[in-house]
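Source file: structure_0.cif; contents: mmCIF, C-alpha atoms.
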```cif
data_input
#
loop_
_atom_site.group_PDB
_atom_site.id
_atom_site.type_symbol
_atom_site.label_atom_id
_atom_site.label_comp_id
_atom_site.auth_asym_id
_atom_site.auth_seq_id
_atom_site.Cartn_x
_atom_site.Cartn_y
_atom_site.Cartn_z
ATOM 1 C CA LYS A 251 -20.258 25.459 4.894
ATOM 2 C CA ALA A 252 -18.886 21.939 4.855
ATOM 3 C CA GLY A 253 -16.461 21.092 2.066
ATOM 4 C CA VAL A 254 -16.541 18.173 -0.322
ATOM 5 C CA THR A 255 -16.441 14.937 1.632
ATOM 6 C CA GLN A 256 -15.160 11.662 0.267
ATOM 7 C CA THR A 257 -15.408 8.315 1.971
ATOM 8 C CA PRO A 258 -13.577 6.185 2.716
ATOM 9 C CA ARG A 259 -10.192 7.928 2.809
ATOM 10 C CA TYR A 260 -8.226 4.733 2.308
ATOM 11 C CA LEU A 261 -9.046 1.359 0.781
ATOM 12 C CA ILE A 262 -7.060 -1.783 0.175
ATOM 13 C CA LYS A 263 -8.610 -4.268 -2.206
ATOM 14 C CA THR A 264 -7.553 -7.454 -3.928
ATOM 15 C CA ARG A 265 -7.393 -7.882 -7.685
ATOM 16 C CA GLY A 266 -10.731 -8.950 -9.087
ATOM 17 C CA GLN A 267 -12.786 -7.344 -6.339
ATOM 18 C CA GLN A 268 -15.036 -4.367 -6.806
ATOM 19 C CA VAL A 269 -15.128 -1.096 -4.887
ATOM 20 C CA THR A 270 -17.544 1.777 -4.351
ATOM 21 C CA LEU A 271 -16.384 5.279 -3.476
ATOM 22 C CA SER A 272 -18.642 8.027 -2.198
ATOM 23 C CA CYS A 273 -18.623 11.781 -2.629
ATOM 24 C CA SER A 274 -20.817 14.359 -0.888
ATOM 25 C CA PRO A 275 -20.613 17.754 -2.621
ATOM 26 C CA ILE A 276 -20.816 21.150 -1.024
ATOM 27 C CA SER A 277 -24.412 21.984 -0.172
ATOM 28 C CA GLY A 278 -26.100 23.551 -3.172
ATOM 29 C CA HIS A 279 -23.579 22.253 -5.690
ATOM 30 C CA ARG A 280 -25.228 20.133 -8.351
ATOM 31 C CA SER A 281 -22.262 19.257 -10.555
ATOM 32 C CA VAL A 282 -19.978 16.466 -9.371
ATOM 33 C CA SER A 283 -17.015 15.167 -11.321
ATOM 34 C CA TRP A 284 -14.482 12.423 -10.650
ATOM 35 C CA TYR A 285 -10.756 12.279 -11.410
ATOM 36 C CA GLN A 286 -8.076 9.656 -11.091
ATOM 37 C CA GLN A 287 -4.706 10.932 -9.929
ATOM 38 C CA THR A 288 -1.546 8.908 -10.410
ATOM 39 C CA PRO A 289 2.091 10.045 -10.131
ATOM 40 C CA GLY A 290 3.246 11.689 -13.320
ATOM 41 C CA GLN A 291 -0.172 11.493 -14.992
ATOM 42 C CA GLY A 292 -1.874 14.407 -13.369
ATOM 43 C CA LEU A 293 -5.614 14.243 -12.975
ATOM 44 C CA GLN A 294 -7.462 12.123 -15.495
ATOM 45 C CA PHE A 295 -11.162 12.853 -15.960
ATOM 46 C CA LEU A 296 -13.518 9.962 -15.252
ATOM 47 C CA PHE A 297 -17.045 11.389 -15.479
ATOM 48 C CA GLU A 298 -19.275 14.306 -14.575
ATOM 49 C CA TYR A 299 -22.818 14.317 -13.248
ATOM 50 C CA PHE A 300 -25.440 16.997 -12.965
ATOM 51 C CA SER A 301 -28.962 16.405 -11.655
ATOM 52 C CA GLU A 302 -28.445 12.634 -11.763
ATOM 53 C CA THR A 303 -27.399 12.713 -15.435
ATOM 54 C CA GLN A 304 -23.963 11.810 -16.711
ATOM 55 C CA ARG A 305 -22.974 14.590 -19.082
ATOM 56 C CA ASN A 306 -19.462 13.531 -19.957
ATOM 57 C CA LYS A 307 -17.271 10.469 -19.594
ATOM 58 C CA GLY A 308 -13.516 10.110 -19.887
ATOM 59 C CA ASN A 309 -11.504 7.431 -21.636
ATOM 60 C CA PHE A 310 -11.723 4.730 -19.035
ATOM 61 C CA PRO A 311 -12.913 1.145 -19.480
ATOM 62 C CA GLY A 312 -16.474 0.146 -18.717
ATOM 63 C CA ARG A 313 -15.327 -1.256 -15.367
ATOM 64 C CA PHE A 314 -15.520 2.324 -14.126
ATOM 65 C CA SER A 315 -19.036 3.556 -13.554
ATOM 66 C CA GLY A 316 -20.775 6.142 -11.470
ATOM 67 C CA ARG A 317 -24.063 7.626 -10.502
ATOM 68 C CA GLN A 318 -25.545 10.633 -8.785
ATOM 69 C CA PHE A 319 -28.459 10.705 -6.405
ATOM 70 C CA SER A 320 -31.240 13.262 -6.084
ATOM 71 C CA ASN A 321 -29.394 14.947 -3.176
ATOM 72 C CA SER A 322 -26.358 15.403 -5.499
ATOM 73 C CA ARG A 323 -24.242 12.843 -3.648
ATOM 74 C CA SER A 324 -22.304 10.697 -6.061
ATOM 75 C CA GLU A 325 -20.739 7.278 -6.069
ATOM 76 C CA MET A 326 -18.261 5.671 -8.396
ATOM 77 C CA ASN A 327 -17.764 1.959 -8.772
ATOM 78 C CA VAL A 328 -14.847 0.024 -10.124
ATOM 79 C CA SER A 329 -15.420 -3.645 -10.866
ATOM 80 C CA THR A 330 -12.875 -6.399 -11.451
ATOM 81 C CA LEU A 331 -10.067 -4.356 -9.935
ATOM 82 C CA GLU A 332 -6.634 -4.403 -11.544
ATOM 83 C CA LEU A 333 -3.285 -3.447 -10.041
ATOM 84 C CA GLY A 334 -3.203 -0.417 -12.326
ATOM 85 C CA ASP A 335 -6.343 0.968 -10.695
ATOM 86 C CA SER A 336 -4.301 1.889 -7.631
ATOM 87 C CA ALA A 337 -4.569 5.666 -7.432
ATOM 88 C CA LEU A 338 -5.993 8.624 -5.587
ATOM 89 C CA TYR A 339 -9.585 9.189 -6.673
ATOM 90 C CA LEU A 340 -10.737 12.759 -6.329
ATOM 91 C CA CYS A 341 -14.190 14.158 -6.703
ATOM 92 C CA ALA A 342 -14.968 17.813 -7.236
ATOM 93 C CA SER A 343 -18.175 19.794 -7.017
ATOM 94 C CA SER A 344 -19.140 23.033 -8.703
ATOM 95 C CA PRO A 345 -21.925 25.474 -7.968
ATOM 96 C CA LEU A 346 -22.928 26.167 -11.537
ATOM 97 C CA ALA A 347 -24.277 23.989 -14.281
ATOM 98 C CA VAL A 348 -21.093 23.822 -16.277
ATOM 99 C CA MET A 349 -17.469 23.107 -15.431
ATOM 100 C CA ASN A 350 -16.534 26.641 -16.309
ATOM 101 C CA THR A 351 -16.090 27.804 -12.788
ATOM 102 C CA GLU A 352 -14.152 26.859 -9.679
ATOM 103 C CA ALA A 353 -14.161 23.163 -8.841
ATOM 104 C CA PHE A 354 -13.905 22.312 -5.145
ATOM 105 C CA PHE A 355 -12.082 19.067 -4.513
ATOM 106 C CA GLY A 356 -12.476 16.530 -1.779
ATOM 107 C CA GLN A 357 -9.524 14.988 0.070
ATOM 108 C CA GLY A 358 -9.713 11.931 -2.127
ATOM 109 C CA THR A 359 -9.895 8.200 -1.602
ATOM 110 C CA ARG A 360 -6.571 6.397 -1.788
ATOM 111 C CA LEU A 361 -7.222 3.017 -3.403
ATOM 112 C CA THR A 362 -4.551 0.342 -3.280
ATOM 113 C CA VAL A 363 -5.086 -2.848 -5.249
ATOM 114 C CA VAL A 364 -2.931 -5.800 -4.192
ATOM 115 C CA GLY B 201 -10.795 16.046 -27.125
ATOM 116 C CA GLU B 202 -8.769 18.640 -25.292
ATOM 117 C CA ASN B 203 -5.088 17.924 -24.665
ATOM 118 C CA VAL B 204 -3.171 20.045 -22.171
ATOM 119 C CA GLU B 205 0.610 19.885 -21.976
ATOM 120 C CA GLN B 206 2.507 21.386 -19.057
ATOM 121 C CA HIS B 207 6.183 22.266 -18.660
ATOM 122 C CA PRO B 208 8.435 21.876 -16.830
ATOM 123 C CA SER B 209 7.574 18.802 -14.799
ATOM 124 C CA THR B 210 9.849 19.925 -11.955
ATOM 125 C CA LEU B 211 11.109 23.371 -11.028
ATOM 126 C CA SER B 212 13.542 24.327 -8.289
ATOM 127 C CA VAL B 213 13.961 28.016 -7.451
ATOM 128 C CA GLN B 214 15.772 30.024 -4.824
ATOM 129 C CA GLU B 215 13.550 31.761 -2.311
ATOM 130 C CA GLY B 216 12.742 35.222 -3.585
ATOM 131 C CA ASP B 217 13.180 34.306 -7.239
ATOM 132 C CA SER B 218 10.368 33.955 -9.771
ATOM 133 C CA ALA B 219 8.832 30.737 -11.075
ATOM 134 C CA VAL B 220 7.137 30.307 -14.439
ATOM 135 C CA ILE B 221 5.058 27.330 -15.559
ATOM 136 C CA LYS B 222 3.785 27.038 -19.111
ATOM 137 C CA CYS B 223 0.849 25.137 -20.577
ATOM 138 C CA THR B 224 -0.467 24.618 -24.071
ATOM 139 C CA TYR B 225 -3.916 23.437 -25.090
ATOM 140 C CA SER B 226 -5.310 21.992 -28.293
ATOM 141 C CA ASP B 227 -9.030 22.821 -28.374
ATOM 142 C CA SER B 228 -9.754 26.308 -29.667
ATOM 143 C CA ALA B 229 -13.177 26.142 -27.979
ATOM 144 C CA SER B 230 -11.576 26.151 -24.519
ATOM 145 C CA ASN B 231 -12.410 29.360 -22.730
ATOM 146 C CA TYR B 232 -11.614 28.773 -19.058
ATOM 147 C CA PHE B 233 -8.126 28.177 -17.700
ATOM 148 C CA PRO B 234 -7.711 27.549 -13.963
ATOM 149 C CA TRP B 235 -4.574 26.795 -12.000
ATOM 150 C CA TYR B 236 -4.659 24.479 -9.008
ATOM 151 C CA LYS B 237 -2.106 24.061 -6.249
ATOM 152 C CA GLN B 238 -1.772 20.766 -4.429
ATOM 153 C CA GLU B 239 0.360 20.623 -1.333
ATOM 154 C CA LEU B 240 1.694 17.271 -0.226
ATOM 155 C CA GLY B 241 -1.126 15.072 1.039
ATOM 156 C CA LYS B 242 -3.776 17.708 0.466
ATOM 157 C CA ARG B 243 -6.525 18.369 -2.029
ATOM 158 C CA PRO B 244 -6.013 20.535 -5.121
ATOM 159 C CA GLN B 245 -7.146 24.108 -4.567
ATOM 160 C CA LEU B 246 -7.785 26.849 -7.074
ATOM 161 C CA ILE B 247 -5.232 29.648 -6.880
ATOM 162 C CA ILE B 248 -6.119 31.697 -9.935
ATOM 163 C CA ASP B 249 -8.117 31.374 -13.143
ATOM 164 C CA ILE B 250 -8.494 33.277 -16.384
ATOM 165 C CA ARG B 251 -11.145 33.362 -19.059
ATOM 166 C CA SER B 252 -10.559 33.688 -22.768
ATOM 167 C CA ASN B 253 -11.767 37.288 -22.934
ATOM 168 C CA VAL B 254 -8.879 38.380 -20.692
ATOM 169 C CA GLY B 255 -5.178 38.369 -21.535
ATOM 170 C CA GLU B 256 -3.718 38.682 -18.068
ATOM 171 C CA LYS B 257 -4.832 38.448 -14.465
ATOM 172 C CA LYS B 258 -2.914 39.131 -11.283
ATOM 173 C CA ASP B 259 -3.498 38.335 -7.637
ATOM 174 C CA GLN B 260 -0.732 39.547 -5.326
ATOM 175 C CA ARG B 261 2.372 37.469 -6.167
ATOM 176 C CA ILE B 262 0.586 35.267 -8.700
ATOM 177 C CA ALA B 263 -0.242 36.152 -12.292
ATOM 178 C CA VAL B 264 -1.546 34.246 -15.268
ATOM 179 C CA THR B 265 -1.235 35.193 -18.926
ATOM 180 C CA LEU B 266 -3.176 33.790 -21.858
ATOM 181 C CA ASN B 267 -2.306 33.824 -25.543
ATOM 182 C CA LYS B 268 -5.353 32.520 -27.407
ATOM 183 C CA THR B 269 -3.707 32.700 -30.804
ATOM 184 C CA ALA B 270 -0.831 30.494 -29.733
ATOM 185 C CA LYS B 271 -3.062 28.436 -27.416
ATOM 186 C CA HIS B 272 -0.833 28.746 -24.417
ATOM 187 C CA PHE B 273 -1.107 30.147 -20.927
ATOM 188 C CA SER B 274 1.394 30.604 -18.150
ATOM 189 C CA LEU B 275 1.554 30.942 -14.381
ATOM 190 C CA HIS B 276 4.005 33.392 -12.872
ATOM 191 C CA ILE B 277 4.904 33.389 -9.199
ATOM 192 C CA THR B 278 7.076 36.255 -8.005
ATOM 193 C CA GLU B 279 9.084 36.544 -4.774
ATOM 194 C CA THR B 280 8.716 32.836 -4.109
ATOM 195 C CA GLN B 281 8.434 31.647 -0.524
ATOM 196 C CA PRO B 282 8.862 28.170 1.028
ATOM 197 C CA GLU B 283 5.078 27.813 1.282
ATOM 198 C CA ASP B 284 4.893 28.021 -2.511
ATOM 199 C CA SER B 285 6.450 24.549 -2.663
ATOM 200 C CA ALA B 286 3.740 22.288 -4.082
ATOM 201 C CA VAL B 287 2.504 20.639 -7.262
ATOM 202 C CA TYR B 288 0.806 23.053 -9.649
ATOM 203 C CA PHE B 289 -1.702 21.925 -12.262
ATOM 204 C CA CYS B 290 -3.004 23.891 -15.189
ATOM 205 C CA ALA B 291 -6.340 22.979 -16.733
ATOM 206 C CA ALA B 292 -8.632 23.962 -19.565
ATOM 207 C CA SER B 293 -12.323 23.608 -20.249
ATOM 208 C CA SER B 294 -15.022 24.899 -22.547
ATOM 209 C CA SER B 295 -18.552 25.943 -21.707
ATOM 210 C CA ASN B 296 -20.156 22.754 -22.960
ATOM 211 C CA ASP B 297 -17.448 20.265 -22.090
ATOM 212 C CA TYR B 298 -18.471 19.490 -18.517
ATOM 213 C CA LYS B 299 -14.944 18.587 -17.512
ATOM 214 C CA LEU B 300 -11.537 20.010 -16.741
ATOM 215 C CA SER B 301 -8.606 18.724 -18.787
ATOM 216 C CA PHE B 302 -5.498 18.892 -16.624
ATOM 217 C CA GLY B 303 -1.826 19.108 -17.406
ATOM 218 C CA ALA B 304 0.480 16.531 -15.833
ATOM 219 C CA GLY B 305 1.603 18.923 -13.104
ATOM 220 C CA THR B 306 4.740 20.809 -12.095
ATOM 221 C CA THR B 307 6.476 20.092 -8.813
ATOM 222 C CA VAL B 308 7.834 23.385 -7.519
ATOM 223 C CA THR B 309 10.485 23.392 -4.812
ATOM 224 C CA VAL B 310 11.511 26.678 -3.227
ATOM 225 C CA ARG B 311 15.000 26.476 -1.689
ATOM 226 C CA ALA B 312 15.569 28.546 1.426
#
```
Rewritten as structure tokens:
Amino acid sequence: KAGVTQTPRYLIKTRGQQVTLSCSPISGHRSVSWYQQTPGQGLQFLFEYFSETQRNKGNFPGRFSGRQFSNSRSEMNVSTLELGDSALYLCASSPLAVMNTEAFFGQGTRLTVV
Amino acid sequence: GENVEQHPSTLSVQEGDSAVIKCTYSDSASNYFPWYKQELGKRPQLIIDIRSNVGEKKDQRIAVTLNKTAKHFSLHITETQPEDSAVYFCAASSSNDYKLSFGAGTTVTVRA
């Protein structure tokens, strides 16, 4: 079974631009969540999707948005990029309906904003 | 919302010694407490988890304990080996929260 796949692996963007990151969950997993990882801050929750519905959202500005498609693949978008958005963005998928079971992480997308 | 605090932020141990990482949580509704290990440049991976109806769980050299009254849980690694060097994250979630709340992480270094 293929693992969680995130594309692209690396991105360099300029301040003010926007970016779209993609996440393909493990086959059969319907819950996809996104996290921002920065040194010293751990993993900060962005949002979670299940069957194309956002069920929870973290404390991030409205510039961060996401969506999930009918095949469970998910995308997140960051508009008007700021230097502070530089981070590793991780997505995770879970087999069950709630985040009360093992989350399988992708390799992440390393975003650098210059 | 849930707030998870993790200590220490760094931990250096001699190979063969034990390592202990402690976490506290704030939401009494939290009922699932996983621990993830992230090696340098790799994705976080689950190493052990515990649910609120269990006080302790062990898997070979790794054990986790949970004290619901005090709202804290700990990871214990015995007979540490160089391959245990990594960043360890604790997390907490509740059945209807649809997210994991992570601690800030502990960088463990095992000295040969």
Place a sphere of radius 10 Å on (-29.4, 17.8, -13.7) in the file coordinates and name every protein, DNA or RNA residue with an atom inside or on its surface, counting all atoms listed in the file; give the answer as JSON, numbers by chain.
{"A": [280, 281, 299, 300, 301, 302, 303, 304, 305, 318, 320, 322, 347]}
I need the residue set behind the PyMOL selection byres ((chain B) within 6 of (chain A)) for this file; please write it as a PyMOL selection string.
chain B and resi 243+295+298-299+302+304-305
Generate a file of the selected residues that holds C-alpha atoms, formatted as a short mmCIF file (atom, residue, chain, number, x, y, z; two decimals), in the frame of the given file.
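Output below, filename selection.cif:
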```
data_model
loop_
_atom_site.label_atom_id
_atom_site.label_comp_id
_atom_site.auth_asym_id
_atom_site.auth_seq_id
_atom_site.Cartn_x
_atom_site.Cartn_y
_atom_site.Cartn_z
CA ARG B 243 -6.52 18.37 -2.03
CA SER B 295 -18.55 25.94 -21.71
CA TYR B 298 -18.47 19.49 -18.52
CA LYS B 299 -14.94 18.59 -17.51
CA PHE B 302 -5.50 18.89 -16.62
CA ALA B 304 0.48 16.53 -15.83
CA GLY B 305 1.60 18.92 -13.10
#
```
Contacts of range 226-239 of chain B at 10 Å (all atoms listed in the file; same-chain gap of 4+ positions) as a PDB file with C-alpha atoms, in the frame of the given file:
```pdb
ATOM      1  CA  MET A 349     -17.469  23.107 -15.431  1.00  0.00           C
ATOM      2  CA  ASN A 350     -16.534  26.641 -16.309  1.00  0.00           C
ATOM      3  CA  THR A 351     -16.090  27.804 -12.788  1.00  0.00           C
ATOM      4  CA  GLU A 352     -14.152  26.859  -9.679  1.00  0.00           C
ATOM      5  CA  ALA A 353     -14.161  23.163  -8.841  1.00  0.00           C
TER       6      ALA A 353
ATOM      7  CA  GLY B 201     -10.795  16.046 -27.125  1.00  0.00           C
ATOM      8  CA  GLU B 202      -8.769  18.640 -25.292  1.00  0.00           C
ATOM      9  CA  ASN B 203      -5.088  17.924 -24.665  1.00  0.00           C
ATOM     10  CA  VAL B 204      -3.171  20.045 -22.171  1.00  0.00           C
ATOM     11  CA  GLU B 205       0.610  19.885 -21.976  1.00  0.00           C
ATOM     12  CA  ARG B 243      -6.525  18.369  -2.029  1.00  0.00           C
ATOM     13  CA  PRO B 244      -6.013  20.535  -5.121  1.00  0.00           C
ATOM     14  CA  GLN B 245      -7.146  24.108  -4.567  1.00  0.00           C
ATOM     15  CA  LEU B 246      -7.785  26.849  -7.074  1.00  0.00           C
ATOM     16  CA  ILE B 247      -5.232  29.648  -6.880  1.00  0.00           C
ATOM     17  CA  ILE B 248      -6.119  31.697  -9.935  1.00  0.00           C
ATOM     18  CA  ASP B 249      -8.117  31.374 -13.143  1.00  0.00           C
ATOM     19  CA  ILE B 250      -8.494  33.277 -16.384  1.00  0.00           C
ATOM     20  CA  ARG B 251     -11.145  33.362 -19.059  1.00  0.00           C
ATOM     21  CA  SER B 252     -10.559  33.688 -22.768  1.00  0.00           C
ATOM     22  CA  ASN B 253     -11.767  37.288 -22.934  1.00  0.00           C
ATOM     23  CA  VAL B 254      -8.879  38.380 -20.692  1.00  0.00           C
ATOM     24  CA  VAL B 264      -1.546  34.246 -15.268  1.00  0.00           C
ATOM     25  CA  THR B 265      -1.235  35.193 -18.926  1.00  0.00           C
ATOM     26  CA  LEU B 266      -3.176  33.790 -21.858  1.00  0.00           C
ATOM     27  CA  LYS B 268      -5.353  32.520 -27.407  1.00  0.00           C
ATOM     28  CA  THR B 269      -3.707  32.700 -30.804  1.00  0.00           C
ATOM     29  CA  ALA B 270      -0.831  30.494 -29.733  1.00  0.00           C
ATOM     30  CA  LYS B 271      -3.062  28.436 -27.416  1.00  0.00           C
ATOM     31  CA  HIS B 272      -0.833  28.746 -24.417  1.00  0.00           C
ATOM     32  CA  PHE B 273      -1.107  30.147 -20.927  1.00  0.00           C
ATOM     33  CA  SER B 274       1.394  30.604 -18.150  1.00  0.00           C
ATOM     34  CA  LEU B 275       1.554  30.942 -14.381  1.00  0.00           C
ATOM     35  CA  GLU B 283       5.078  27.813   1.282  1.00  0.00           C
ATOM     36  CA  ASP B 284       4.893  28.021  -2.511  1.00  0.00           C
ATOM     37  CA  SER B 285       6.450  24.549  -2.663  1.00  0.00           C
ATOM     38  CA  ALA B 286       3.740  22.288  -4.082  1.00  0.00           C
ATOM     39  CA  VAL B 287       2.504  20.639  -7.262  1.00  0.00           C
ATOM     40  CA  TYR B 288       0.806  23.053  -9.649  1.00  0.00           C
ATOM     41  CA  PHE B 289      -1.702  21.925 -12.262  1.00  0.00           C
ATOM     42  CA  CYS B 290      -3.004  23.891 -15.189  1.00  0.00           C
ATOM     43  CA  ALA B 291      -6.340  22.979 -16.733  1.00  0.00           C
ATOM     44  CA  ALA B 292      -8.632  23.962 -19.565  1.00  0.00           C
ATOM     45  CA  SER B 293     -12.323  23.608 -20.249  1.00  0.00           C
ATOM     46  CA  SER B 294     -15.022  24.899 -22.547  1.00  0.00           C
ATOM     47  CA  SER B 295     -18.552  25.943 -21.707  1.00  0.00           C
ATOM     48  CA  ASN B 296     -20.156  22.754 -22.960  1.00  0.00           C
ATOM     49  CA  ASP B 297     -17.448  20.265 -22.090  1.00  0.00           C
ATOM     50  CA  LEU B 300     -11.537  20.010 -16.741  1.00  0.00           C
ATOM     51  CA  SER B 301      -8.606  18.724 -18.787  1.00  0.00           C
ATOM     52  CA  PHE B 302      -5.498  18.892 -16.624  1.00  0.00           C
ATOM     53  CA  GLY B 303      -1.826  19.108 -17.406  1.00  0.00           C
ATOM     54  CA  GLY B 305       1.603  18.923 -13.104  1.00  0.00           C
ATOM     55  CA  THR B 306       4.740  20.809 -12.095  1.00  0.00           C
ATOM     56  CA  THR B 307       6.476  20.092  -8.813  1.00  0.00           C
TER      57      THR B 307
END
```
Any chance you could work out the residue set of the PyMOL selection byres ((chain B and resi 221) around 8) here, as a list in words?
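Taken over the shown coordinates, the PyMOL selection byres ((chain B and resi 221) around 8) returns Gln206, His207, Pro208, Ala219, Val220, Lys222, Cys223, Ser274, Leu275, His276 and Thr306 of chain B.
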Could you check which of A:Pro258, A:Ala252, A:Phe314, A:Arg323 is closest to Gln286 in chain A, using all atoms listed in the file?
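So, comparing all the options, the nearest one is A:Phe314.
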Selection dump of the PyMOL selection byres ((chain A and resi 327) around 6), as a ChimeraX atom specification:
/A:269-270,314-316,326,328
Between CA of Asn309 in chain A and CA of Leu331 in chain A - distance in Å to one decimal
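Separation between CA of Leu331 in chain A and CA of Asn309 in chain A: 16.7 Å.
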Given all atoms listed in the file as the basis, pick out the residue of A:Pro345, A:Leu338, A:Glu332, A:Arg317 nearest to Gly241 in chain B.
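With all atoms listed in the file as the atom set, the closest residue is A:Leu338.
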Who sits within 7 Å of range 309-311 of chain B, all atoms listed in the file, same chain under 5 positions skipped, as a PyMOL selection string:
chain B and resi 211-215+280-282+284-286
Resulting file, chosen residues, C-alpha atoms, as a compact mmCIF listing (two decimals), keeping the file's coordinate frame:
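For reference, out.txt as written:
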```
# COMPACT_ATOMS: atom_id res chain seq x y z
CA LEU B 211 11.11 23.37 -11.03
CA SER B 212 13.54 24.33 -8.29
CA VAL B 213 13.96 28.02 -7.45
CA GLN B 214 15.77 30.02 -4.82
CA GLU B 215 13.55 31.76 -2.31
CA THR B 280 8.72 32.84 -4.11
CA GLN B 281 8.43 31.65 -0.52
CA PRO B 282 8.86 28.17 1.03
CA ASP B 284 4.89 28.02 -2.51
CA SER B 285 6.45 24.55 -2.66
CA ALA B 286 3.74 22.29 -4.08
```
Could you please determine the separation between CA of Leu346 in chain A and CA of Leu361 in chain A in Å, to one decimal place?
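So the answer is 29.1 Å.
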Name all residues at most 7 Å from Gly253 in chain A (count only C-alpha atoms; drop same-chain ones fewer than 2 positions away) and give them as a ChimeraX atom specification.
/A:251,255,276
Mind pulling up the distance from CA of Leu261 in chain A to CA of Ala337 in chain A?
10.3 Å
